[in-house]
Each structure stands twice: as C-alpha cells, then as structure tokens.
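Chemist: My structure is stored as query35.cif, with mmCIF, C-alpha atoms and all ligand atoms.
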data_structure
loop_
_atom_site.label_atom_id
_atom_site.label_comp_id
_atom_site.auth_asym_id
_atom_site.auth_seq_id
_atom_site.Cartn_x
_atom_site.Cartn_y
_atom_site.Cartn_z
CA MET A 61 87.95 95.28 202.33
CA ALA A 62 91.40 96.32 203.54
CA TYR A 63 92.41 99.88 204.36
CA PRO A 64 95.66 101.04 202.73
CA VAL A 65 98.78 100.65 204.83
CA LEU A 66 101.42 103.27 204.08
CA ASN A 67 105.02 102.12 204.15
CA GLU A 68 107.76 103.93 206.05
CA ALA A 69 109.43 105.30 202.93
CA GLU A 70 106.16 106.84 201.69
CA ILE A 71 105.42 108.38 205.07
CA SER A 72 108.93 109.82 205.41
CA LYS A 73 108.96 111.24 201.91
CA SER A 74 105.67 113.12 202.36
CA PHE A 75 106.82 114.24 205.79
CA GLU A 76 110.05 115.77 204.46
CA SER A 77 108.24 117.79 201.84
CA ALA A 78 105.61 118.94 204.37
CA LYS A 79 108.37 119.96 206.76
CA ALA A 80 110.02 122.08 204.08
CA PHE A 81 106.66 123.63 203.24
CA TYR A 82 105.95 124.61 206.85
CA GLY A 83 109.51 125.85 207.20
CA GLU A 84 108.79 128.57 204.68
CA PHE A 85 106.20 129.99 207.06
CA GLY A 86 108.60 129.86 209.99
CA VAL A 87 106.97 126.78 211.56
CA ASP A 88 109.30 124.39 213.37
CA VAL A 89 107.81 120.97 212.65
CA ASP A 90 110.29 119.01 214.76
CA SER A 91 109.54 121.01 217.84
CA ALA A 92 105.80 120.52 217.24
CA LEU A 93 106.35 116.76 217.07
CA GLU A 94 108.39 116.84 220.24
CA LYS A 95 105.72 118.79 222.11
CA LEU A 96 102.94 116.53 220.91
CA SER A 97 104.98 113.45 221.85
CA GLY A 98 105.03 114.58 225.48
CA LEU A 99 101.38 115.56 225.62
CA GLU A 100 99.07 113.36 227.67
CA VAL A 101 95.38 112.94 227.03
CA SER A 102 93.45 111.19 229.75
CA MET A 103 91.29 108.58 228.08
CA HIS A 104 87.97 108.04 229.86
CA CYS A 105 87.36 104.42 230.78
CA TRP A 106 83.57 104.81 230.57
CA GLN A 107 83.27 104.78 226.76
CA GLY A 108 84.07 101.06 227.02
CA ASP A 109 80.87 100.01 228.79
CA ASP A 110 78.43 102.90 228.43
CA VAL A 111 79.17 104.33 231.91
CA GLY A 112 78.07 101.08 233.55
CA GLY A 113 80.93 100.24 235.90
CA PHE A 114 81.29 97.07 237.96
CA GLU A 115 79.69 97.97 241.24
CA SER A 116 76.25 96.55 240.52
CA GLN A 117 73.82 95.88 237.71
CA GLY A 118 72.00 99.15 238.38
CA GLU A 119 70.89 101.65 235.75
CA LEU A 120 72.88 104.72 234.74
CA SER A 121 71.37 107.79 236.39
CA GLY A 122 72.30 111.39 237.10
CA GLY A 123 70.80 112.87 233.96
CA ILE A 124 73.39 111.52 231.54
CA MET A 125 72.67 108.90 228.93
CA ALA A 126 74.42 106.45 226.61
CA THR A 127 72.24 105.33 223.71
CA GLY A 128 72.74 102.39 221.36
CA GLY A 129 73.31 98.67 221.63
CA PHE A 130 76.41 97.79 219.64
CA PRO A 131 77.42 94.20 220.44
CA GLY A 132 80.52 93.23 222.38
CA LYS A 133 80.44 95.65 225.29
CA ALA A 134 82.96 94.89 228.04
CA ARG A 135 81.21 92.91 230.78
CA ASN A 136 83.89 92.99 233.43
CA ALA A 137 87.13 94.77 234.29
CA ASP A 138 89.33 92.26 232.47
CA GLU A 139 87.40 92.74 229.25
CA LEU A 140 87.46 96.50 229.70
CA ARG A 141 91.23 96.48 230.21
CA GLN A 142 91.62 94.31 227.13
CA ASP A 143 89.59 96.82 225.10
CA ILE A 144 91.53 99.75 226.54
CA ASP A 145 94.82 98.04 225.63
CA LYS A 146 93.56 97.64 222.09
CA ALA A 147 92.44 101.26 221.82
CA MET A 148 95.67 102.56 223.33
CA SER A 149 97.71 100.53 220.86
CA LEU A 150 96.04 102.52 218.07
CA ILE A 151 96.56 105.94 219.62
CA PRO A 152 100.02 107.54 219.32
CA GLY A 153 101.67 109.02 222.42
CA PRO A 154 101.82 108.58 226.20
CA ARG A 155 99.11 106.66 228.05
CA ARG A 156 96.79 108.01 230.70
CA LEU A 157 93.45 106.59 231.81
CA ASN A 158 90.60 108.26 233.65
CA LEU A 159 88.76 105.93 236.04
CA HIS A 160 85.46 106.41 237.83
CA ALA A 161 84.81 105.01 241.30
CA ILE A 162 82.17 102.59 239.95
CA TYR A 163 84.95 100.79 238.07
CA LEU A 164 86.13 99.23 241.32
CA GLU A 165 86.59 95.47 241.60
CA ASN A 166 84.82 94.33 244.73
CA GLY A 167 85.41 90.59 244.39
CA GLY A 168 81.67 89.88 244.39
CA LYS A 169 81.09 91.56 247.76
CA GLN A 170 79.04 94.74 247.71
CA VAL A 171 81.25 97.71 248.59
CA ASP A 172 79.31 100.93 249.05
CA ARG A 173 80.61 104.31 247.95
CA ASP A 174 81.49 105.30 251.51
CA GLU A 175 83.70 102.21 251.76
CA VAL A 176 85.81 102.46 248.61
CA GLY A 177 89.55 102.31 249.00
CA ILE A 178 92.70 101.76 246.99
CA GLU A 179 92.41 98.01 247.61
CA HIS A 180 89.47 97.92 245.19
CA PHE A 181 91.70 99.27 242.44
CA SER A 182 94.69 96.99 242.86
CA ASN A 183 94.13 95.22 239.53
CA TRP A 184 93.93 98.58 237.80
CA MET A 185 97.11 99.66 239.52
CA ASP A 186 98.97 96.48 238.49
CA TRP A 187 97.76 96.83 234.94
CA ALA A 188 98.75 100.50 234.87
CA LYS A 189 102.24 99.73 236.11
CA ALA A 190 102.73 96.92 233.62
CA ASN A 191 101.52 99.05 230.70
CA LYS A 192 103.07 102.38 231.71
CA VAL A 193 99.70 104.05 232.11
CA LYS A 194 99.08 106.94 234.48
CA LEU A 195 95.74 107.15 236.22
CA ASP A 196 93.25 109.92 236.96
CA PHE A 197 90.13 109.48 239.02
CA ASN A 198 86.50 110.53 239.53
CA PRO A 199 84.21 109.98 242.49
CA THR A 200 80.84 108.68 241.26
CA PHE A 201 77.89 110.66 242.60
CA PHE A 202 75.28 109.01 240.35
CA SER A 203 73.80 105.56 239.63
CA HIS A 204 73.14 104.99 243.33
CA PRO A 205 70.01 104.89 245.54
CA LYS A 206 71.36 107.79 247.60
CA SER A 207 71.40 110.03 244.52
CA GLU A 208 67.85 109.20 243.47
CA SER A 209 66.35 112.31 245.09
CA GLY A 210 68.43 114.35 242.65
CA PHE A 211 70.65 115.77 245.38
CA THR A 212 73.92 114.45 246.78
CA LEU A 213 76.49 116.88 248.22
CA SER A 214 73.83 119.59 248.24
CA SER A 215 71.11 117.43 249.78
CA ALA A 216 69.06 118.81 252.64
CA ASP A 217 69.34 115.41 254.32
CA ASP A 218 72.37 115.33 256.64
CA GLY A 219 72.79 111.58 256.32
CA ILE A 220 72.88 111.68 252.54
CA ARG A 221 75.27 114.59 252.49
CA LYS A 222 77.61 112.90 254.96
CA PHE A 223 77.57 109.72 252.91
CA TRP A 224 78.69 111.55 249.79
CA ILE A 225 81.25 113.67 251.61
CA GLU A 226 82.82 110.45 252.84
CA HIS A 227 82.85 109.16 249.26
CA GLY A 228 84.60 112.30 248.06
CA LYS A 229 87.24 112.11 250.79
CA ARG A 230 87.96 108.47 250.10
CA CYS A 231 88.28 109.07 246.38
CA ARG A 232 90.91 111.75 246.93
CA LYS A 233 92.95 109.17 248.85
CA ILE A 234 92.66 106.78 245.95
CA ALA A 235 93.91 109.50 243.58
CA LEU A 236 96.78 110.15 245.96
CA GLU A 237 97.83 106.50 245.76
CA PHE A 238 97.65 106.61 241.97
CA ALA A 239 99.89 109.68 241.97
CA LYS A 240 102.37 108.09 244.38
CA GLU A 241 102.60 104.73 242.70
CA LEU A 242 102.42 105.75 239.06
CA GLY A 243 104.00 109.18 239.09
CA GLY A 244 101.83 112.23 239.68
CA PRO A 245 99.96 114.31 239.25
CA SER A 246 96.65 112.54 239.33
CA VAL A 247 93.61 114.64 238.48
CA ILE A 248 90.44 114.02 240.44
CA ASN A 249 87.31 115.55 238.99
CA PHE A 250 84.17 116.21 240.99
CA TRP A 251 80.90 116.30 239.14
CA VAL A 252 77.57 115.93 240.95
CA PRO A 253 74.21 115.67 239.18
CA ASP A 254 72.41 117.79 241.80
CA GLY A 255 69.51 119.78 240.48
CA ALA A 256 65.78 120.03 239.87
CA LYS A 257 63.49 119.34 236.94
CA ASP A 258 61.29 122.33 237.62
CA LEU A 259 61.29 125.68 239.35
CA PRO A 260 62.75 125.33 242.82
CA ALA A 261 61.46 127.65 245.52
CA ASP A 262 64.93 127.86 246.95
CA ARG A 263 67.97 128.07 244.66
CA TRP A 264 70.19 129.31 247.45
CA ALA A 265 70.30 126.67 250.13
CA PRO A 266 71.47 123.74 247.95
CA ARG A 267 74.35 125.89 246.65
CA GLN A 268 75.27 126.92 250.16
CA ARG A 269 75.32 123.26 251.21
CA LEU A 270 77.24 122.24 248.09
CA ALA A 271 80.00 124.73 248.87
CA GLU A 272 80.13 123.58 252.48
CA SER A 273 80.31 119.91 251.51
CA TYR A 274 83.18 120.59 249.14
CA ASP A 275 84.97 122.67 251.73
CA GLU A 276 84.81 119.70 254.03
CA ILE A 277 86.04 117.26 251.36
CA PHE A 278 88.95 119.53 250.42
CA SER A 279 89.80 120.45 254.00
CA GLU A 280 92.24 117.54 254.10
CA LYS A 281 95.53 118.80 252.69
CA ILE A 282 97.01 116.04 250.59
CA GLY A 283 99.61 117.88 248.59
CA ASP A 284 100.20 118.94 245.05
CA SER A 285 100.24 115.56 243.39
CA VAL A 286 96.45 115.41 243.47
CA LYS A 287 94.77 118.01 241.30
CA ASP A 288 91.23 118.67 242.49
CA ALA A 289 88.85 119.82 239.78
CA VAL A 290 85.15 120.72 239.83
CA GLU A 291 82.86 120.45 236.81
CA GLY A 292 79.81 122.59 236.26
CA LYS A 293 77.03 122.24 233.74
CA LEU A 294 73.97 123.89 232.35
CA PHE A 295 71.40 121.12 232.72
CA GLY A 296 70.90 117.39 232.79
CA ILE A 297 67.99 115.10 231.99
CA GLY A 298 65.70 115.71 234.94
CA SER A 299 67.58 118.81 236.06
CA GLU A 300 66.53 121.10 233.24
CA GLU A 301 65.56 124.09 235.33
CA TYR A 302 68.14 124.10 238.08
CA VAL A 303 71.63 122.68 238.49
CA ALA A 304 73.19 123.49 241.85
CA GLY A 305 76.71 123.11 240.45
CA SER A 306 76.24 125.49 237.56
CA ASN A 307 79.17 126.87 235.58
CA GLU A 308 79.08 130.16 237.50
CA PHE A 309 78.99 128.34 240.82
CA TYR A 310 82.09 126.33 240.04
CA LEU A 311 83.97 129.15 238.41
CA ALA A 312 83.63 131.17 241.59
CA TYR A 313 84.25 128.15 243.79
CA SER A 314 87.37 126.97 242.01
CA LEU A 315 88.93 130.44 241.88
CA THR A 316 88.31 131.19 245.53
CA ARG A 317 89.44 127.72 246.69
CA LYS A 318 92.41 127.59 244.32
CA ILE A 319 91.44 124.34 242.68
CA LEU A 320 90.90 123.58 238.98
CA PRO A 321 87.75 124.52 237.10
CA CYS A 322 86.69 121.77 234.68
CA LEU A 323 85.22 122.97 231.40
CA ASP A 324 83.23 120.33 229.55
CA MET A 325 82.63 121.24 225.90
CA GLY A 326 79.03 120.02 226.15
CA HIS A 327 78.04 121.90 229.27
CA TYR A 328 77.00 125.26 227.90
CA HIS A 329 74.15 126.61 225.80
CA PRO A 330 73.91 124.77 222.47
CA THR A 331 75.63 127.46 220.40
CA GLU A 332 78.15 128.40 223.07
CA THR A 333 81.67 127.02 222.65
CA ILE A 334 84.51 126.97 225.13
CA HIS A 335 87.43 128.28 223.09
CA ASP A 336 86.84 131.89 224.06
CA LYS A 337 86.48 130.97 227.72
CA VAL A 338 89.96 129.53 228.08
CA SER A 339 91.90 132.80 227.95
CA ALA A 340 89.22 134.56 230.01
CA ILE A 341 89.30 132.02 232.81
CA MET A 342 92.99 131.23 232.67
CA THR A 343 93.94 134.85 233.11
CA PHE A 344 92.97 134.05 236.71
CA ALA A 345 93.07 130.25 237.04
CA PRO A 346 96.63 128.91 236.88
CA GLU A 347 95.43 125.48 235.73
CA ALA A 348 92.26 123.95 234.33
CA LEU A 349 90.81 120.61 233.34
CA ILE A 350 89.04 120.30 230.01
CA HIS A 351 86.50 117.61 229.22
CA VAL A 352 86.74 117.12 225.51
CA SER A 353 83.32 116.16 224.22
CA ARG A 354 80.94 116.90 221.36
CA PRO A 355 77.42 118.09 222.03
CA ILE A 356 74.79 117.86 219.30
CA ARG A 357 71.72 119.95 220.15
CA TRP A 358 72.19 119.04 223.81
CA ASP A 359 74.90 117.58 226.06
CA SER A 360 74.80 114.42 223.98
CA ASP A 361 78.42 113.32 224.54
CA HIS A 362 79.04 112.31 220.93
CA VAL A 363 82.42 111.00 219.85
CA VAL A 364 84.86 113.86 219.40
CA ILE A 365 85.78 114.65 215.79
CA PHE A 366 88.16 117.05 214.05
CA ASN A 367 85.63 119.87 213.76
CA ASP A 368 85.68 123.64 214.20
CA ASP A 369 85.04 123.51 217.94
CA LEU A 370 87.95 121.17 218.51
CA MET A 371 90.29 123.13 216.23
CA SER A 372 89.31 126.42 217.88
CA LEU A 373 90.05 124.97 221.30
CA ALA A 374 93.38 123.52 220.17
CA ARG A 375 94.38 126.81 218.56
CA GLU A 376 93.59 128.74 221.72
CA LEU A 377 95.69 126.41 223.86
CA VAL A 378 98.62 126.58 221.47
CA ARG A 379 98.44 130.28 220.68
CA GLY A 380 98.26 131.06 224.40
CA ASP A 381 101.08 128.64 225.19
CA ALA A 382 98.72 127.11 227.73
CA LEU A 383 99.22 123.40 227.10
CA ASP A 384 101.34 123.05 230.22
CA ARG A 385 98.55 124.50 232.28
CA VAL A 386 95.65 122.37 231.13
CA TYR A 387 94.77 118.75 231.65
CA LEU A 388 92.94 117.26 228.70
CA ALA A 389 90.49 114.46 229.35
CA THR A 390 88.02 112.97 226.92
CA ASP A 391 84.39 112.56 227.94
CA PHE A 392 81.95 110.98 225.51
CA PHE A 393 80.00 107.76 225.29
CA ASP A 394 78.45 106.29 222.20
CA ALA A 395 76.99 102.81 222.56
CA SER A 396 75.78 102.66 218.96
CA ILE A 397 79.14 102.01 217.29
CA ASN A 398 82.20 99.86 217.97
CA ARG A 399 83.29 101.27 221.33
CA ILE A 400 87.00 100.81 220.72
CA GLY A 401 86.56 102.66 217.44
CA ALA A 402 84.81 105.47 219.31
CA TRP A 403 87.76 105.95 221.66
CA VAL A 404 90.30 105.89 218.88
CA VAL A 405 88.41 108.27 216.59
CA GLY A 406 87.96 110.75 219.44
CA ILE A 407 91.45 110.75 220.86
CA ARG A 408 93.19 110.68 217.49
CA ALA A 409 91.01 113.63 216.45
CA LEU A 410 92.06 115.56 219.55
CA LYS A 411 95.75 114.88 219.03
CA LYS A 412 95.47 115.70 215.36
CA ALA A 413 93.76 119.00 216.20
CA LEU A 414 96.57 119.86 218.61
CA LEU A 415 99.15 119.06 215.97
CA PHE A 416 97.22 121.13 213.44
CA ALA A 417 97.29 124.05 215.88
CA MET A 418 100.99 123.57 216.61
CA LEU A 419 101.71 123.79 212.90
CA GLU A 420 99.95 127.10 212.56
CA PRO A 421 102.29 130.01 211.71
CA VAL A 422 101.36 131.76 214.96
CA SER A 423 104.12 134.38 214.94
CA MET A 424 103.22 135.33 211.41
CA LEU A 425 99.52 135.69 212.30
CA LYS A 426 100.29 137.79 215.35
CA GLN A 427 102.63 139.95 213.29
CA LEU A 428 99.96 140.54 210.63
CA GLU A 429 97.53 141.40 213.38
CA SER A 430 99.86 143.95 214.93
CA GLU A 431 100.35 145.54 211.53
CA GLY A 432 96.62 145.81 211.00
CA ARG A 433 96.71 143.55 207.95
CA GLY A 434 93.33 141.95 208.60
CA ALA A 435 92.67 140.44 205.19
CA GLU A 436 96.07 138.76 205.14
CA ARG A 437 95.59 137.46 208.67
CA LEU A 438 92.22 135.98 207.71
CA ALA A 439 93.60 134.60 204.44
CA MET A 440 96.51 132.93 206.21
CA MET A 441 94.16 131.40 208.75
CA GLU A 442 92.25 129.95 205.80
CA GLU A 443 95.47 128.72 204.17
CA THR A 444 96.34 126.64 207.26
CA LYS A 445 93.31 124.48 206.54
CA SER A 446 94.85 123.09 203.37
CA MET A 447 98.43 122.86 204.58
CA PRO A 448 99.91 119.32 204.64
CA TYR A 449 99.36 118.55 208.31
CA GLY A 450 98.15 115.05 207.39
CA ALA A 451 101.66 114.12 206.29
CA VAL A 452 103.05 115.29 209.64
CA TRP A 453 100.33 113.39 211.47
CA ASN A 454 101.19 110.18 209.64
CA TYR A 455 104.82 110.65 210.56
CA PHE A 456 103.85 111.21 214.19
CA CYS A 457 101.87 107.94 214.16
CA MET A 458 104.86 106.11 212.70
CA MET A 459 107.22 107.61 215.31
CA HIS A 460 104.99 106.14 217.99
CA GLU A 461 104.57 102.79 216.30
CA THR A 462 100.87 103.17 215.69
CA PRO A 463 99.16 102.79 212.32
CA ALA A 464 99.18 105.90 210.12
CA GLY A 465 96.15 107.17 208.22
CA SER A 466 93.17 104.82 208.12
CA ALA A 467 95.27 101.66 208.55
CA TRP A 468 94.16 101.29 212.17
CA LEU A 469 90.71 100.36 210.87
CA ASN A 470 92.09 97.00 209.70
CA GLU A 471 92.97 96.23 213.30
CA LEU A 472 89.62 97.47 214.52
CA ARG A 473 87.87 95.05 212.18
CA ASN A 474 90.01 92.14 213.26
CA TYR A 475 89.37 92.87 216.90
CA GLU A 476 85.65 93.09 216.30
CA THR A 477 85.60 89.72 214.57
CA SER A 478 87.96 87.88 216.85
CA VAL A 479 87.09 89.37 220.24
CA LEU A 480 83.91 91.46 220.37
CA ASN A 481 81.76 89.09 218.35
CA ASN A 482 82.58 86.25 220.74
CA ARG A 483 81.30 88.01 223.83
C1 LIG B 1 78.36 114.74 233.10
C2 LIG B 1 79.80 115.11 233.15
C3 LIG B 1 80.72 114.10 233.72
C4 LIG B 1 80.41 112.68 233.27
C5 LIG B 1 81.42 111.65 233.73
C6 LIG B 1 80.95 110.26 233.50
O1 LIG B 1 77.58 115.62 232.42
O2 LIG B 1 80.23 115.49 231.88
O3 LIG B 1 82.03 114.46 233.47
O4 LIG B 1 80.31 112.61 231.88
O5 LIG B 1 81.76 111.88 235.02
ZN ZN B 2 82.33 115.96 231.65
#
Translate the structure of the given file into structure tokens.
Ligand code: RNT
Ligand code: ZN
Modeler:
Amino acid sequence: MAYPVLNEAEISKSFESAKAFYGEFGVDVDSALEKLSGLEVSMHCWQGDDVGGFESQGELSGGIMATGGFPGKARNADELRQDIDKAMSLIPGPRRLNLHAIYLENGGKQVDRDEVGIEHFSNWMDWAKANKVKLDFNPTFFSHPKSESGFTLSSADDGIRKFWIEHGKRCRKIALEFAKELGGPSVINFWVPDGAKDLPADRWAPRQRLAESYDEIFSEKIGDSVKDAVEGKLFGIGSEEYVAGSNEFYLAYSLTRKILPCLDMGHYHPTETIHDKVSAIMTFAPEALIHVSRPIRWDSDHVVIFNDDLMSLARELVRGDALDRVYLATDFFDASINRIGAWVVGIRALKKALLFAMLEPVSMLKQLESEGRGAERLAMMEETKSMPYGAVWNYFCMMHETPAGSAWLNELRNYETSVLNNR
C-alpha cells in the first residue's frame, strides 16, 4: 500500500484558499509560518533505543520504563544517528537534539559518570556540525549501581552524593562545549529519581541535601549560554510515596536560584494538565523548559499526539506570546512501535499544534472576551477546530522539503524494510 503524495500545485492551491479564509478572521498566515519556521523543538535521543544508552548493558532504572519489543532498535551510536537522521528528514523545521550522558561513546573502555567529558561526545559533535543540529544535554542519574539505593544527589551517603555532584558539574561543562561549538544556548536538564516507595520517617533531610547538592553543582558560573533546568515529578515506579524533587521543591528552587523550572506533561496527578500552570509560573519565571509527553493513567511517556492537552498547551504559549521564553523538548519512549515513527508522529504533532494555535484568531477572541460576549467567544473557539489548518501544515512541510500529509509513511515503511529489518 502506498500513501498518497500531494503534488506542489495541489498543496499551493489549498494553501492559498486557506490563507484567504484565515485572513477574514484577521489571522496573518505568513507570519505564523515564519514564526513556526524559526521554532526549535529539541528531539530526545532516547526514543531511539528505549533509554538504553551506550555506557553498559545494564538495565534501565530510576522508576521509568519503556515497554515493548519492536524489532530494529539502534544497537550503537552510529545506528542511532542513522535513525535520528531519518526521523529528522521527515520533520519540518530546524534541528535540535537532546542527549543524555549515557549516550557517550567510550571506545570500549568503561568511563564512569564522574569521568565523563566532552571527548566522549566528539562523534556526536562532528555529526551535529555536519548536519546543522544543535545539542542539549542531560546528566544521567539513573541506570547505575550508585543510584540503586533510590537516592543520588539527596543521598545520606557523602561518597554517593559527591559522586553525583561531580557528574552534574562535568555535564554542565559538556553542555557549555555544545553551546560554544554549535551555537548556544544549550539547555541542560537535571532530573534525579530520588525518592521512597513507602512512608519515609524523614521527608526533610533528603530535600535539604538535594538543595545543597544542586547549589554546589550550580556554584560554578559558566555564563548564559548554558540554561540550567530542574525537573520535578509526582512519583516514579518504586518512589510512589515520596519524591525528594517534587514539583513544589523545584518550583521554589528554580525561582530562588534563577534557573529554569522544567514542566513535564506527565509529572502531575493523572487529571492535572500543565496548560494552566504556564501563565502562573511564568509570571515569575522568565524562562522555562517543557517536556512534551503524554501520560495515560500514569507517567507512561506515550508518544505525543495532537490531542486536547497538546492544543491547550500550544494555545497558552501562543496567546501569552511566550514562545520565546520556553524551550520545548520531547520526552516519550515507546518500544512497541517503529521507533522512528514514534519520533516523527510526536514531533510533527507538536509542531502542528503550535501552528494550529498560531492560526487562532487571538485578537478576535480577546476582543469578544472584553466585550463580555461569552457565547461568541466559545463558538469561535469551537470554529477554530474545523478551520483549514491542515492545508497550511502541508504547505509548511513543503516549504521545508519534508513530505506533506501522510506521505512520510511511505519513507517510514521503506526504512523499516531496508534498514531496521536487517539489524
Ligand atoms: C523522568 C523524566 C526525565 C526522563 C529523561 C530520560 O520521569 O521525565 O525527563 O524521562 O531524563
Ligand atoms: Zn521529562
């Protein structure tokens, strides 16, 4: 079966009529396309190999989990880069990749977390330069014997804490090199799994130690090109009752230390969404990092789709003119489907949601609101859902020389047959 490939004339024709349609509501389609063309989404490398990395053959730990066994998973950094290239070729717009420390290349010699340096990422750097990709970074505080107790930066054991502090410091230097060599800024996100399965007698001391460890990591002033972010969460597998780095902890920490809070869409109570938090937090936080994910019943990290949560988030960012103040990074891992397909579905959905939000007649809605015309405001919000944003999206894909509509699925199939099935 082949998916339909739209030709340029068809795409342009539908685009022109959509543009005229939006124009009647005062929406400037060209400026939306220009804004979206400059917008970077940091694609997470870890969808490609189920958060495995290349440090060792060890199991994924830290209370996160990738389920499924779809064939053809990348087995080394070259295969992962090949898969990333493929995915990026199917996603319109500028390229940015989010690496984790466990994706180092150690040349067969064990390099521990307190020994990582930019030299272990030289292949990534060369690849990034050659492909015009910018890089973000994450220290890895999980999948390691020294995180097995469930505590890293908040551990009561001085040796363990020191080990992880050293890891954090080294990772910031790696991010600094990425920023210098590839053009900054480079975002570095700190997430630790620290927490307890059941009722701790002391909730205070680990948090005190966590704050102190971070203060030490961030005490080194390395300039504006590295954006430090901290990510909180509600619970993890094995840390159901207590997470030292809870959302409240990091909100307070990031605001007082003037670093970025990271809001992951899957890190709140199951019915709690993040779109209302953005304006609340960003009234005080100049910048924020957002982990774009999709929780189902728990922090399940499903592939992002064009659903209400994503649209609500996109609308908030656009309506609040906050896109210049947030860094968008995807964070999901599904091992049960073609992994390249997972990346592309998720990131195209995010970009499409942002375009959808940019095409909303915001001034009109705000005007109706100020006039107290509630039914019309609600009706117009409903109308946006059937406006011809798909035609504008297809045009955007064409502008960036990526397949429009479902045509990218033909390439996904070919890649599966010719590359993945031979691994
Ligand atoms: C875990 C956090 C974190 C990780 C990545 C791999 O719950 O969301 O961002 O998913 O660091
Ligand atoms: Zn996350």
Chemist: Step by step, measure atom-to-atom distances between ligand LIG 1 (chain B) and each residue using all atoms listed in the file, keep those at most 10 Å, then write them as a PyMOL selection string.
Modeler: chain A and resi 104-107+110-112+120+122-125+158-161+197-202+249-253+290-297+322-327+350-353+359-361+389-393
Chemist: Just the residues within 9 Å of A:Asn191, please, counting only C-alpha atoms, with nothing from its chain fewer than 5 positions along; format it as a PyMOL selection string.
Modeler: chain A and resi 145+155+186
Chemist: In Å, rounded to a single decimal, give me how far atom CA of A:Asp196 is from atom CA of A:Arg156.
Modeler: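 Taking atom CA of A:Arg156 as the start and atom CA of A:Asp196 as the end point, the length is 7.4 Å.
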Chemist: Which one of A:Tyr328, A:Trp184, A:Tyr302, A:Phe75 sits closest to ligand ZN 2 (chain B) if you count all atoms listed in the file?
Modeler: A:Tyr328
Chemist: Record the distance separating atom CA of A:Pro330 and atom CA of A:Ala126, expressed in Å with one decimal.
Modeler: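 Atom CA of A:Ala126 lies 18.8 Å from atom CA of A:Pro330.
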Chemist: Rounded to one decimal place, report the atom CA of A:Leu195-atom CA of A:Asp336 distance in Å.
Modeler: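 Straight-line distance from atom CA of A:Leu195 to atom CA of A:Asp336 works out to 29.0 Å.
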Chemist: Quick one: contact table of stretch 431-480 of chain A to stretch 78-94 of chain A, 9 Å max, nearest atom pair and distance in Å to one decimal per residue, counting only C-alpha atoms, chain and number order, as CSV?
Modeler:
residue,atom,partner,partner_atom,distance
A:Met447,CA,A:Tyr82,CA,8.0
A:Pro448,CA,A:Ala78,CA,5.7
A:Tyr449,CA,A:Ala78,CA,7.4
A:Gly450,CA,A:Ala78,CA,8.9
A:Ala451,CA,A:Ala78,CA,6.5
A:Val452,CA,A:Ala78,CA,6.9
A:Trp453,CA,A:Leu93,CA,8.9
A:Phe456,CA,A:Leu93,CA,6.7
Chemist: Can you take the partial stretch 89-102 of chain A, add N, CA, C and O atoms, and return it as a short mmCIF file (atom, residue, chain, number, x, y, z; two decimals), in the coordinates of the input?
Modeler:
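The result, stored in rebuild.cif:
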data_model
loop_
_atom_site.label_atom_id
_atom_site.label_comp_id
_atom_site.auth_asym_id
_atom_site.auth_seq_id
_atom_site.Cartn_x
_atom_site.Cartn_y
_atom_site.Cartn_z
N VAL A 89 108.56 122.22 212.60
CA VAL A 89 107.81 120.97 212.65
C VAL A 89 108.38 120.01 213.69
O VAL A 89 107.64 119.34 214.42
N ASP A 90 109.70 119.94 213.79
CA ASP A 90 110.29 119.01 214.76
C ASP A 90 109.90 119.37 216.18
O ASP A 90 109.63 118.49 217.01
N SER A 91 109.88 120.66 216.46
CA SER A 91 109.54 121.01 217.84
C SER A 91 108.05 120.74 218.10
O SER A 91 107.66 120.38 219.21
N ALA A 92 107.22 120.88 217.07
CA ALA A 92 105.80 120.52 217.24
C ALA A 92 105.67 119.03 217.56
O ALA A 92 104.93 118.63 218.46
N LEU A 93 106.43 118.22 216.84
CA LEU A 93 106.35 116.76 217.07
C LEU A 93 106.84 116.40 218.47
O LEU A 93 106.28 115.52 219.13
N GLU A 94 107.86 117.12 218.91
CA GLU A 94 108.39 116.84 220.24
C GLU A 94 107.36 117.20 221.31
O GLU A 94 107.12 116.43 222.25
N LYS A 95 106.74 118.35 221.14
CA LYS A 95 105.72 118.79 222.11
C LYS A 95 104.56 117.81 222.14
O LYS A 95 104.10 117.39 223.20
N LEU A 96 104.09 117.44 220.97
CA LEU A 96 102.94 116.53 220.91
C LEU A 96 103.30 115.15 221.50
O LEU A 96 102.46 114.50 222.12
N SER A 97 104.55 114.75 221.33
CA SER A 97 104.98 113.45 221.85
C SER A 97 104.91 113.41 223.38
O SER A 97 104.74 112.34 223.96
N GLY A 98 105.05 114.57 224.01
CA GLY A 98 105.03 114.58 225.48
C GLY A 98 103.63 114.84 226.02
O GLY A 98 103.40 114.76 227.23
N LEU A 99 102.70 115.13 225.15
CA LEU A 99 101.38 115.56 225.62
C LEU A 99 100.46 114.39 225.99
O LEU A 99 100.26 113.46 225.21
N GLU A 100 99.93 114.45 227.20
CA GLU A 100 99.07 113.36 227.67
C GLU A 100 97.60 113.72 227.52
O GLU A 100 97.19 114.83 227.86
N VAL A 101 96.84 112.78 227.04
CA VAL A 101 95.38 112.94 227.03
C VAL A 101 94.83 111.83 227.91
O VAL A 101 95.18 110.66 227.74
N SER A 102 94.01 112.19 228.86
CA SER A 102 93.45 111.19 229.75
C SER A 102 92.23 110.56 229.09
O SER A 102 91.21 111.21 228.87
#
